[in-house]
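Note: the block below is upload_38.txt and it holds compact mmCIF, C-alpha atoms (C1' of nucleotides).
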# COMPACT_ATOMS: atom_id res chain seq x y z
CA MET X 20 -157.57 51.74 12.31
CA ASP X 21 -161.15 50.64 11.86
CA ALA X 22 -162.90 47.77 10.14
CA ILE X 23 -162.43 49.33 6.72
CA ASP X 24 -158.69 49.63 7.26
CA LEU X 25 -158.54 45.99 8.29
CA ASN X 26 -160.52 45.11 5.21
CA LEU X 27 -158.06 47.00 3.02
CA ILE X 28 -155.14 45.28 4.72
CA GLU X 29 -156.68 41.91 4.12
CA LEU X 30 -157.34 42.68 0.46
CA LEU X 31 -153.81 43.96 -0.11
CA ARG X 32 -152.31 40.96 1.66
CA GLY X 33 -154.14 38.76 -0.77
CA ASN X 34 -153.23 40.81 -3.83
CA ALA X 35 -150.97 43.81 -3.51
CA ARG X 36 -151.59 44.90 -7.09
CA LEU X 37 -155.31 45.61 -6.74
CA SER X 38 -156.14 49.05 -8.11
CA TYR X 39 -157.48 51.72 -5.81
CA ALA X 40 -160.68 51.68 -7.85
CA GLU X 41 -161.09 47.96 -7.21
CA LEU X 42 -160.29 48.34 -3.52
CA ALA X 43 -162.85 51.13 -3.39
CA ARG X 44 -165.53 48.88 -4.84
CA GLN X 45 -164.75 46.12 -2.38
CA VAL X 46 -164.89 48.27 0.74
CA GLY X 47 -167.69 50.56 -0.43
CA LEU X 48 -165.82 53.87 -0.54
CA SER X 49 -164.67 56.17 -3.30
CA ALA X 50 -161.24 55.75 -4.85
CA PRO X 51 -159.74 58.94 -3.35
CA ALA X 52 -160.88 57.89 0.12
CA VAL X 53 -159.18 54.54 -0.29
CA HIS X 54 -156.10 56.23 -1.65
CA GLU X 55 -155.81 58.36 1.42
CA ARG X 56 -156.42 55.49 3.83
CA VAL X 57 -153.81 53.30 2.19
CA GLY X 58 -151.38 56.21 2.17
CA LYS X 59 -151.84 56.62 5.92
CA LEU X 60 -151.37 52.91 6.51
CA GLU X 61 -148.10 53.11 4.58
CA SER X 62 -146.72 56.18 6.29
CA SER X 63 -147.68 54.93 9.74
CA GLY X 64 -145.73 51.75 9.11
CA VAL X 65 -148.64 49.33 9.19
CA ILE X 66 -148.00 48.47 5.56
CA ARG X 67 -144.27 47.95 5.33
CA ALA X 68 -143.88 47.00 1.69
CA TYR X 69 -145.48 45.39 -1.30
CA ARG X 70 -143.62 42.36 -2.52
CA ALA X 71 -143.94 39.91 -5.35
CA GLU X 72 -143.66 36.39 -4.00
CA ILE X 73 -141.29 34.42 -6.21
CA GLU X 74 -140.91 30.67 -6.49
CA PRO X 75 -137.37 30.35 -5.11
CA GLU X 76 -136.32 27.44 -7.33
CA SER X 77 -136.92 29.48 -10.45
CA ILE X 78 -134.32 32.01 -9.44
CA GLY X 79 -131.76 29.42 -8.47
CA LEU X 80 -132.45 29.24 -4.73
CA GLY X 81 -133.42 25.64 -4.30
CA VAL X 82 -132.02 25.00 -0.82
CA THR X 83 -133.73 26.34 2.28
CA ALA X 84 -132.07 26.02 5.66
CA LEU X 85 -132.95 27.03 9.18
CA ILE X 86 -129.93 27.77 11.31
CA GLU X 87 -129.84 28.22 15.04
CA ILE X 88 -127.04 30.32 16.43
CA ILE X 89 -125.54 30.06 19.89
CA GLU X 90 -123.65 33.17 20.88
CA GLU X 91 -120.47 33.30 22.88
CA SER X 92 -121.23 34.50 26.36
CA ALA X 93 -119.19 37.66 25.86
CA ALA X 94 -120.59 38.44 22.41
CA ASP X 95 -122.02 41.81 21.52
CA THR X 96 -125.42 40.93 20.14
CA ASP X 97 -125.66 44.07 18.02
CA ASP X 98 -122.36 43.32 16.32
CA VAL X 99 -123.42 39.77 15.59
CA LEU X 100 -126.65 41.09 14.19
CA GLU X 101 -124.87 43.48 11.87
CA SER X 102 -122.67 40.67 10.61
CA PHE X 103 -125.77 38.66 9.80
CA ARG X 104 -127.42 41.59 8.11
CA ALA X 105 -124.54 41.81 5.67
CA ILE X 106 -125.11 38.25 4.52
CA PRO X 107 -127.70 38.39 1.74
CA GLU X 108 -128.56 34.70 1.93
CA ILE X 109 -130.19 35.26 5.31
CA GLU X 110 -133.79 36.03 4.47
CA SER X 111 -135.16 36.14 8.00
CA CYS X 112 -133.62 36.66 11.40
CA TYR X 113 -135.39 36.11 14.71
CA PHE X 114 -134.00 36.82 18.15
CA MET X 115 -135.10 33.90 20.23
CA ALA X 116 -135.71 33.08 23.84
CA GLY X 117 -133.62 30.14 25.00
CA VAL X 118 -130.10 28.86 24.55
CA GLU X 119 -129.97 29.64 20.85
CA SER X 120 -129.98 33.40 20.48
CA PHE X 121 -130.90 33.58 16.84
CA LEU X 122 -132.83 31.60 14.33
CA LEU X 123 -131.97 32.34 10.74
CA LYS X 124 -133.77 31.31 7.61
CA ALA X 125 -131.42 31.18 4.66
CA ARG X 126 -131.80 30.28 1.05
CA VAL X 127 -128.96 29.25 -1.24
CA GLY X 128 -128.61 27.54 -4.56
CA THR X 129 -126.72 24.41 -3.66
CA ILE X 130 -125.62 22.35 -0.70
CA GLY X 131 -122.11 23.54 -1.41
CA GLU X 132 -123.18 27.13 -0.94
CA LEU X 133 -124.95 26.16 2.26
CA GLU X 134 -121.74 24.63 3.54
CA ALA X 135 -119.88 27.84 2.75
CA LEU X 136 -122.55 29.84 4.54
CA ILE X 137 -122.33 27.71 7.66
CA VAL X 138 -118.56 28.00 7.71
CA ARG X 139 -118.90 31.73 7.39
CA LEU X 140 -121.40 31.90 10.23
CA ASN X 141 -119.19 29.80 12.49
CA ARG X 142 -116.30 32.13 11.81
CA THR X 143 -118.35 35.22 12.62
CA PRO X 144 -117.06 36.88 15.81
CA GLY X 145 -119.46 36.29 18.66
CA VAL X 146 -120.84 33.05 17.27
CA ALA X 147 -120.06 30.04 19.46
CA SER X 148 -121.82 27.37 17.45
CA THR X 149 -124.52 26.72 14.94
CA ARG X 150 -127.09 24.03 14.35
CA THR X 151 -128.56 23.70 10.88
CA GLY X 152 -131.72 22.04 9.69
CA ILE X 153 -132.43 21.61 6.02
CA ALA X 154 -135.95 22.06 4.69
CA LEU X 155 -136.67 19.25 2.28
CA SER X 156 -139.68 21.12 1.05
CA THR X 157 -141.60 24.25 1.84
CA LYS X 158 -145.23 23.31 2.24
CA TRP X 159 -146.26 26.92 2.46
CA GLU X 160 -144.77 30.16 3.56
CA ASN X 161 -146.08 33.55 4.72
CA ARG X 162 -149.65 32.53 4.33
CA PRO X 163 -151.69 35.54 5.40
CA GLN X 164 -154.04 34.72 8.22
CA PRO X 165 -157.40 36.44 8.46
CA VAL X 166 -157.02 39.65 10.39
CA GLY X 167 -158.66 39.60 13.78
CA THR X 168 -159.17 42.32 16.31
CA PRO X 169 -156.53 45.02 16.46
CA PRO X 170 -154.77 45.53 19.79
CA ALA X 171 -156.46 47.75 22.34
CA MET T 7 -136.19 33.63 -18.39
CA ASP T 8 -133.50 36.07 -19.42
CA ALA T 9 -131.78 39.00 -17.77
CA ILE T 10 -134.77 41.28 -18.34
CA ASP T 11 -137.11 38.82 -16.61
CA LEU T 12 -134.75 38.64 -13.65
CA ASN T 13 -134.64 42.40 -13.59
CA LEU T 14 -138.45 42.56 -13.54
CA ILE T 15 -138.56 40.00 -10.75
CA GLU T 16 -136.12 41.99 -8.69
CA LEU T 17 -138.07 45.20 -9.22
CA LEU T 18 -141.37 43.58 -8.27
CA ARG T 19 -139.84 41.99 -5.21
CA GLY T 20 -138.81 45.41 -4.07
CA ASN T 21 -142.14 47.05 -4.86
CA ALA T 22 -145.00 44.97 -6.16
CA ARG T 23 -147.11 48.04 -6.93
CA LEU T 24 -144.85 49.50 -9.60
CA SER T 25 -146.83 50.34 -12.72
CA TYR T 26 -146.09 48.60 -15.97
CA ALA T 27 -145.05 51.94 -17.41
CA GLU T 28 -142.50 52.40 -14.64
CA LEU T 29 -141.22 48.85 -15.01
CA ALA T 30 -140.92 49.47 -18.74
CA ARG T 31 -138.78 52.54 -18.16
CA GLN T 32 -136.50 50.67 -15.76
CA VAL T 33 -135.84 47.72 -18.02
CA GLY T 34 -135.83 49.64 -21.30
CA LEU T 35 -138.83 48.06 -22.99
CA SER T 36 -142.29 49.28 -23.91
CA ALA T 37 -145.16 48.92 -21.48
CA PRO T 38 -147.01 46.24 -23.51
CA ALA T 39 -143.86 44.15 -23.73
CA VAL T 40 -143.43 44.31 -19.96
CA HIS T 41 -147.08 43.52 -19.51
CA GLU T 42 -146.71 40.36 -21.54
CA ARG T 43 -143.51 39.26 -19.79
CA VAL T 44 -144.98 39.74 -16.34
CA GLY T 45 -148.10 37.88 -17.43
CA LYS T 46 -145.99 34.94 -18.49
CA LEU T 47 -144.04 34.98 -15.25
CA GLU T 48 -147.34 34.86 -13.38
CA SER T 49 -148.92 32.08 -15.39
CA SER T 50 -145.77 29.97 -15.34
CA GLY T 51 -145.75 30.14 -11.55
CA VAL T 52 -142.52 32.08 -11.15
CA ILE T 53 -144.46 34.93 -9.61
CA ARG T 54 -146.77 33.29 -7.11
CA ALA T 55 -148.50 36.30 -5.63
CA TYR T 56 -148.26 39.94 -4.76
CA ARG T 57 -148.56 40.60 -1.07
CA ALA T 58 -148.61 43.63 1.15
CA GLU T 59 -146.24 43.10 4.05
CA ILE T 60 -147.98 44.12 7.26
CA GLU T 61 -146.45 44.93 10.61
CA PRO T 62 -147.87 42.02 12.63
CA GLU T 63 -148.25 43.92 15.90
CA SER T 64 -150.59 46.40 14.29
CA ILE T 65 -153.09 43.68 13.48
CA GLY T 66 -152.89 42.11 16.88
CA LEU T 67 -150.33 39.39 16.18
CA GLY T 68 -147.58 40.28 18.59
CA VAL T 69 -146.30 36.81 19.41
CA THR T 70 -144.19 34.83 16.97
CA ALA T 71 -143.28 31.23 17.68
CA LEU T 72 -141.30 28.56 15.87
CA ILE T 73 -142.53 25.09 16.62
CA GLU T 74 -140.78 21.85 15.80
CA ILE T 75 -142.98 18.81 15.38
CA ILE T 76 -141.94 15.22 15.97
CA GLU T 77 -144.27 12.79 14.27
CA GLU T 78 -145.36 9.45 15.61
CA SER T 79 -143.57 6.72 13.74
CA ALA T 80 -146.84 5.42 12.28
CA ALA T 81 -148.19 8.82 11.35
CA ASP T 82 -149.49 9.62 7.90
CA THR T 83 -147.54 12.72 6.97
CA ASP T 84 -150.16 13.94 4.53
CA ASP T 85 -152.87 13.78 7.16
CA VAL T 86 -150.73 15.67 9.63
CA LEU T 87 -150.05 18.25 6.97
CA GLU T 88 -153.73 18.73 6.28
CA SER T 89 -154.39 19.22 9.97
CA PHE T 90 -151.75 21.92 10.06
CA ARG T 91 -153.10 23.58 6.96
CA ALA T 92 -156.43 24.04 8.67
CA ILE T 93 -154.84 26.05 11.47
CA PRO T 94 -154.72 29.65 10.31
CA GLU T 95 -152.13 30.71 12.87
CA ILE T 96 -149.49 28.64 11.06
CA GLU T 97 -147.99 31.06 8.58
CA SER T 98 -145.22 28.82 7.28
CA CYS T 99 -144.66 25.10 7.22
CA TYR T 100 -141.41 23.38 6.29
CA PHE T 101 -140.84 19.67 5.98
CA MET T 102 -137.46 19.11 7.53
CA ALA T 103 -134.66 16.61 7.41
CA GLY T 104 -133.90 15.16 10.83
CA VAL T 105 -135.81 13.97 13.85
CA GLU T 106 -138.30 16.82 13.77
CA SER T 107 -140.44 16.35 10.70
CA PHE T 108 -141.90 19.82 10.52
CA LEU T 109 -140.96 23.29 11.47
CA LEU T 110 -143.86 25.67 11.79
CA LYS T 111 -143.84 29.42 12.11
CA ALA T 112 -146.93 30.65 13.87
CA ARG T 113 -148.18 34.04 14.90
CA VAL T 114 -150.75 34.68 17.59
CA GLY T 115 -151.90 37.60 19.65
CA THR T 116 -151.03 36.52 23.15
CA ILE T 117 -149.06 33.93 25.06
CA GLY T 118 -152.38 32.44 26.07
CA GLU T 119 -153.29 31.87 22.46
CA LEU T 120 -149.88 30.33 21.88
CA GLU T 121 -150.53 27.91 24.72
CA ALA T 122 -153.84 26.94 23.18
CA LEU T 123 -152.15 26.43 19.82
CA ILE T 124 -149.47 24.17 21.29
CA VAL T 125 -152.09 22.12 23.08
CA ARG T 126 -154.00 21.79 19.85
CA LEU T 127 -150.89 20.70 17.98
CA ASN T 128 -150.02 18.11 20.61
CA ARG T 129 -153.51 16.69 20.33
CA THR T 130 -153.32 16.44 16.56
CA PRO T 131 -153.31 12.79 15.45
CA GLY T 132 -149.86 11.79 14.26
CA VAL T 133 -148.02 14.33 16.39
CA ALA T 134 -145.78 12.73 19.00
CA SER T 135 -144.32 15.85 20.54
CA THR T 136 -143.58 19.50 19.95
CA ARG T 137 -140.81 21.85 20.86
CA THR T 138 -141.55 25.55 20.81
CA GLY T 139 -139.24 28.53 20.62
CA ILE T 140 -140.54 32.03 21.08
CA ALA T 141 -139.18 34.86 18.99
CA LEU T 142 -138.55 37.81 21.27
CA SER T 143 -138.20 40.02 18.23
CA THR T 144 -138.14 39.72 14.48
CA LYS T 145 -135.03 41.46 13.23
CA TRP T 146 -136.11 41.08 9.65
CA GLU T 147 -138.19 38.72 7.62
CA ASN T 148 -138.45 37.73 3.95
CA ARG T 149 -135.77 40.13 2.90
CA PRO T 150 -135.40 39.65 -0.84
CA GLN T 151 -131.90 38.72 -1.82
CA PRO T 152 -130.45 39.89 -5.11
CA VAL T 153 -131.32 37.43 -7.83
CA GLY T 154 -128.39 35.48 -9.09
CA THR T 155 -128.05 33.10 -11.96
CA PRO T 156 -131.11 31.05 -12.81
CA PRO T 157 -130.74 27.28 -12.70
CA ALA T 158 -129.28 25.60 -15.75
C1' DG G 4 -135.13 32.82 -50.63
C1' DG G 5 -139.59 32.22 -48.43
C1' DT G 6 -142.28 31.00 -44.34
C1' DT G 7 -143.17 30.99 -39.72
C1' DC G 8 -142.94 32.46 -35.17
C1' DA G 9 -141.55 34.89 -31.07
C1' DG G 10 -141.33 39.03 -29.29
C1' DG G 11 -140.98 43.58 -29.90
C1' DT G 12 -142.95 48.84 -31.12
C1' DC G 13 -146.60 52.13 -32.10
C1' DG G 14 -151.08 54.24 -31.81
C1' DA G 15 -155.71 54.48 -29.96
C1' DT G 16 -159.04 53.96 -26.51
C1' DC G 17 -160.75 53.58 -22.07
C1' DG G 18 -160.39 53.43 -17.25
C1' DC G 19 -157.62 54.67 -13.25
C1' DG G 20 -154.80 57.70 -10.22
C1' DT G 21 -154.69 61.83 -8.21
C1' DC G 22 -155.62 66.65 -7.21
C1' DC G 23 -158.96 69.97 -5.62
C1' DA G 24 -163.11 72.11 -4.08
C1' DC G 25 -166.89 71.18 -1.54
C1' DG G 26 -170.11 69.08 2.16
C1' DG G 27 -171.83 66.58 6.21
C1' DA G 28 -171.05 64.60 11.01
C1' DC G 29 -168.95 65.20 15.34
C1' DT G 30 -166.89 67.77 19.11
C1' DG G 31 -165.77 71.34 22.27
C1' DT G 32 -167.02 75.98 23.65
C1' DA G 33 -169.77 79.94 24.74
C1' DT D 29 -178.69 76.13 20.75
C1' DA D 30 -175.46 78.24 17.92
C1' DC D 31 -170.99 78.26 16.16
C1' DA D 32 -166.40 77.08 14.51
C1' DG D 33 -162.95 73.68 13.64
C1' DT D 34 -161.66 69.13 12.33
C1' DC D 35 -162.09 64.84 10.16
C1' DC D 36 -163.37 62.24 6.59
C1' DG D 37 -165.83 61.57 2.99
C1' DT D 38 -167.78 62.64 -2.24
C1' DG D 39 -167.74 64.27 -7.08
C1' DG D 40 -165.56 66.37 -11.02
C1' DA D 41 -161.57 67.10 -13.94
C1' DC D 42 -157.56 65.94 -16.19
C1' DG D 43 -153.43 63.60 -17.42
C1' DC D 44 -151.29 59.16 -17.36
C1' DG D 45 -151.32 54.20 -17.44
C1' DA D 46 -153.34 49.72 -18.94
C1' DT D 47 -154.40 47.19 -22.62
C1' DC D 48 -155.78 45.88 -27.31
C1' DG D 49 -154.89 45.40 -32.21
C1' DA D 50 -152.04 46.15 -36.18
C1' DC D 51 -147.73 46.04 -37.81
C1' DC D 52 -142.45 45.26 -37.86
C1' DT D 53 -138.09 42.70 -37.35
C1' DG D 54 -134.75 39.05 -36.81
C1' DA D 55 -133.83 34.08 -36.26
C1' DA D 56 -134.73 29.37 -37.31
C1' DC D 57 -136.09 26.19 -40.48
C1' DC D 58 -137.35 24.27 -44.87

Show me this structure written as structure tokens.
Amino acid sequence: MDAIDLNLIELLRGNARLSYAELARQVGLSAPAVHERVGKLESSGVIRAYRAEIEPESIGLGVTALIEIIEESAADTDDVLESFRAIPEIESCYFMAGVESFLLKARVGTIGELEALIVRLNRTPGVASTRTGIALSTKWENRPQPVGTPPA
Amino acid sequence: MDAIDLNLIELLRGNARLSYAELARQVGLSAPAVHERVGKLESSGVIRAYRAEIEPESIGLGVTALIEIIEESAADTDDVLESFRAIPEIESCYFMAGVESFLLKARVGTIGELEALIVRLNRTPGVASTRTGIALSTKWENRPQPVGTPPA
DNA sequence: GGTTCAGGTCGATCGCGTCCACGGACTGTA
DNA sequence: TACAGTCCGTGGACGCGATCGACCTGAACC
């Protein structure tokens, strides 16, 4: 993981559909060299996926909510997690420090669907209570920050 | 925006580097037809970007925090927003319903950097107070959910 | 019925992806 | 210093994909 790798990562974060030839021009290597480097970044797990970023409203997901979960004291965290994983509306799931064990980001089409989701979460075994905040608008999301120094 | 467009969106959400030829095979059209459809999805803003998803730890961003912001009552929300936009560590920014005006997702390298970020946020004009939660682990993030029915 | 238009296919061309053989720098060993 | 092995790159070759233009088809509208 050297400066060229970081450069490639930054380029692909900005536009995942750049051709290897174009990447090669930008970093000053040949296309096969870039191909091999990117392949290694993928297989080592540094690059997890390439995703198109879609405007949620256009695919009928106009409501964004952030939901904090408080677990029952006796809950099995892994079981709760698996229940959450089965709910497709939950786009992100963070395990948090503090009273609330989880923070979920969910997207649904309507407030009615959000209500159904919250009911479902509250009924999930191991969940003691939930606290939901609705995002009125998403100012930005997953903005890539310039890559700094890799860890020692 | 018909079923084929939704199909293309779903495919590109799963792997943004699929070739047009491959997309064409999957949706049962010719490559030029797919090329034109995807081009229209891009220029109409449905597809916002193509991004490589990077494991944050590998680029030295091991600490994830979610920060709620309470604005001063006299604050100019747009000004506050612009201040936030200038801070690269803030990956996502949601404008929320409720007492806390904003929810920010930030990623930094160390707890020390997080401290510096929180201090900076608290000093930002228009910010009354902050409340920070630290993500001990990210279970998953930006998982694409199956596309449903587009809005009427 | 004729016109127009959107949106598709087909064919051709050019550049890219990808495989392979080769070469230089670096390292550890005698 | 000489040598061998390894890593990481380059250049060439070849088949496939991207992309353009010409043409086709069906639906909507006069």

So that I can see what lies close to stretch 140-149 of chain X, please list as JSON, numbers by chain the residues with an atom at most 10 Å from it, counting all atoms listed in the file and leaving out residues fewer than 4 positions away in the same chain. {"X": [86, 87, 88, 89, 90, 91, 92, 93, 94, 95, 96, 97, 98, 99, 100, 102, 103, 106, 119, 120, 121, 122, 134, 135, 136]}

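With distances taken over all atoms listed in the file, X:Leu25 is the one residue among X:Gly131, X:Arg36, X:Leu25, X:Pro51 lying closest to X:Val65.
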
Which residue out of T:Ser143, T:Ser64, T:Thr70, T:Ser98 has the minimum interatomic distance to T:Leu120 when only C-alpha atoms are used?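 That would be T:Thr70, the residue with the smallest distance to T:Leu120.
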
Restrict the distance test to all atoms listed in the file, flag each residue of chain G within 10 Å of chain T, and return the flagged residues as a ChimeraX atom specification. /G:10-13

Emit the selected residues as an mmCIF file, in the coordinates of the input, including C-alpha atoms (C1' of nucleotides).
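Printed below is again13.cif as written:
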data_model
loop_
_atom_site.group_PDB
_atom_site.id
_atom_site.type_symbol
_atom_site.label_atom_id
_atom_site.label_comp_id
_atom_site.auth_asym_id
_atom_site.auth_seq_id
_atom_site.Cartn_x
_atom_site.Cartn_y
_atom_site.Cartn_z
ATOM 1 C "C1'" DG G 10 -141.330 39.030 -29.290
ATOM 2 C "C1'" DG G 11 -140.980 43.580 -29.900
ATOM 3 C "C1'" DT G 12 -142.950 48.840 -31.120
ATOM 4 C "C1'" DC G 13 -146.600 52.130 -32.100
#

Quick one: which chain D residues come within 10 Å of chain X, and what is the nearest atom pair for each with the distance in Å to one decimal, counting all atoms listed in the file, rows ordered by chain and ascending number, as CSV?
residue,atom,partner,partner_atom,distance
D:DC36,C1',X:Ala52,CA,8.2
D:DG37,C1',X:Ala52,CA,6.8
D:DT38,C1',X:Ser49,CA,7.3
D:DG39,C1',X:Ser49,CA,9.5

Within 10 Å of D:DA46, counting all atoms listed in the file, which residues qualify if same-chain residues fewer than 3 places away don't, as a list in words? Ser25, Tyr26, Ala27, Ala37, Pro38 and His41 of chain T; DC17, DG18 and DC19 of chain G

Mind dumping the selected residues with C-alpha atoms (C1' of nucleotides) as an mmCIF file, in the frame of the given file?
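Saved to again_34.cif:
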data_model
loop_
_atom_site.group_PDB
_atom_site.id
_atom_site.type_symbol
_atom_site.label_atom_id
_atom_site.label_comp_id
_atom_site.auth_asym_id
_atom_site.auth_seq_id
_atom_site.Cartn_x
_atom_site.Cartn_y
_atom_site.Cartn_z
ATOM 1 C CA SER T 25 -146.830 50.340 -12.720
ATOM 2 C CA TYR T 26 -146.090 48.600 -15.970
ATOM 3 C CA ALA T 27 -145.050 51.940 -17.410
ATOM 4 C CA ALA T 37 -145.160 48.920 -21.480
ATOM 5 C CA PRO T 38 -147.010 46.240 -23.510
ATOM 6 C CA HIS T 41 -147.080 43.520 -19.510
ATOM 7 C "C1'" DC G 17 -160.750 53.580 -22.070
ATOM 8 C "C1'" DG G 18 -160.390 53.430 -17.250
ATOM 9 C "C1'" DC G 19 -157.620 54.670 -13.250
#

Output the contact residues of chain T with respect to chain X at a cut-off of 8 Å, based on all atoms listed in the file, as a ChimeraX atom specification. /T:12,15,18-23,51-61,63-66,94-104,139-157

Can you work out the spacing between atom C1' of G:DA9 and atom CA of T:Glu28 in Å, to one decimal?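 Those two atoms sit 24.0 Å apart.
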
Coordinates-based distance that separates atom CA of X:Gly58 from atom CA of X:Ile23 (Å, one decimal):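 Calculated distance between atom CA of X:Ile23 and atom CA of X:Gly58 is 13.8 Å.
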
May I ask for the distance between atom CA of X:Val82 and atom CA of T:Val69, given in Å to one decimal place?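 Separating atom CA of X:Val82 from atom CA of T:Val69 is a distance of 27.4 Å.
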
Residue with smallest distance to G:DA24 - pool D:DA30, D:DA41, D:DA50, D:DC35, counting all atoms listed in the file: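 Nearest to G:DA24: D:DA41.
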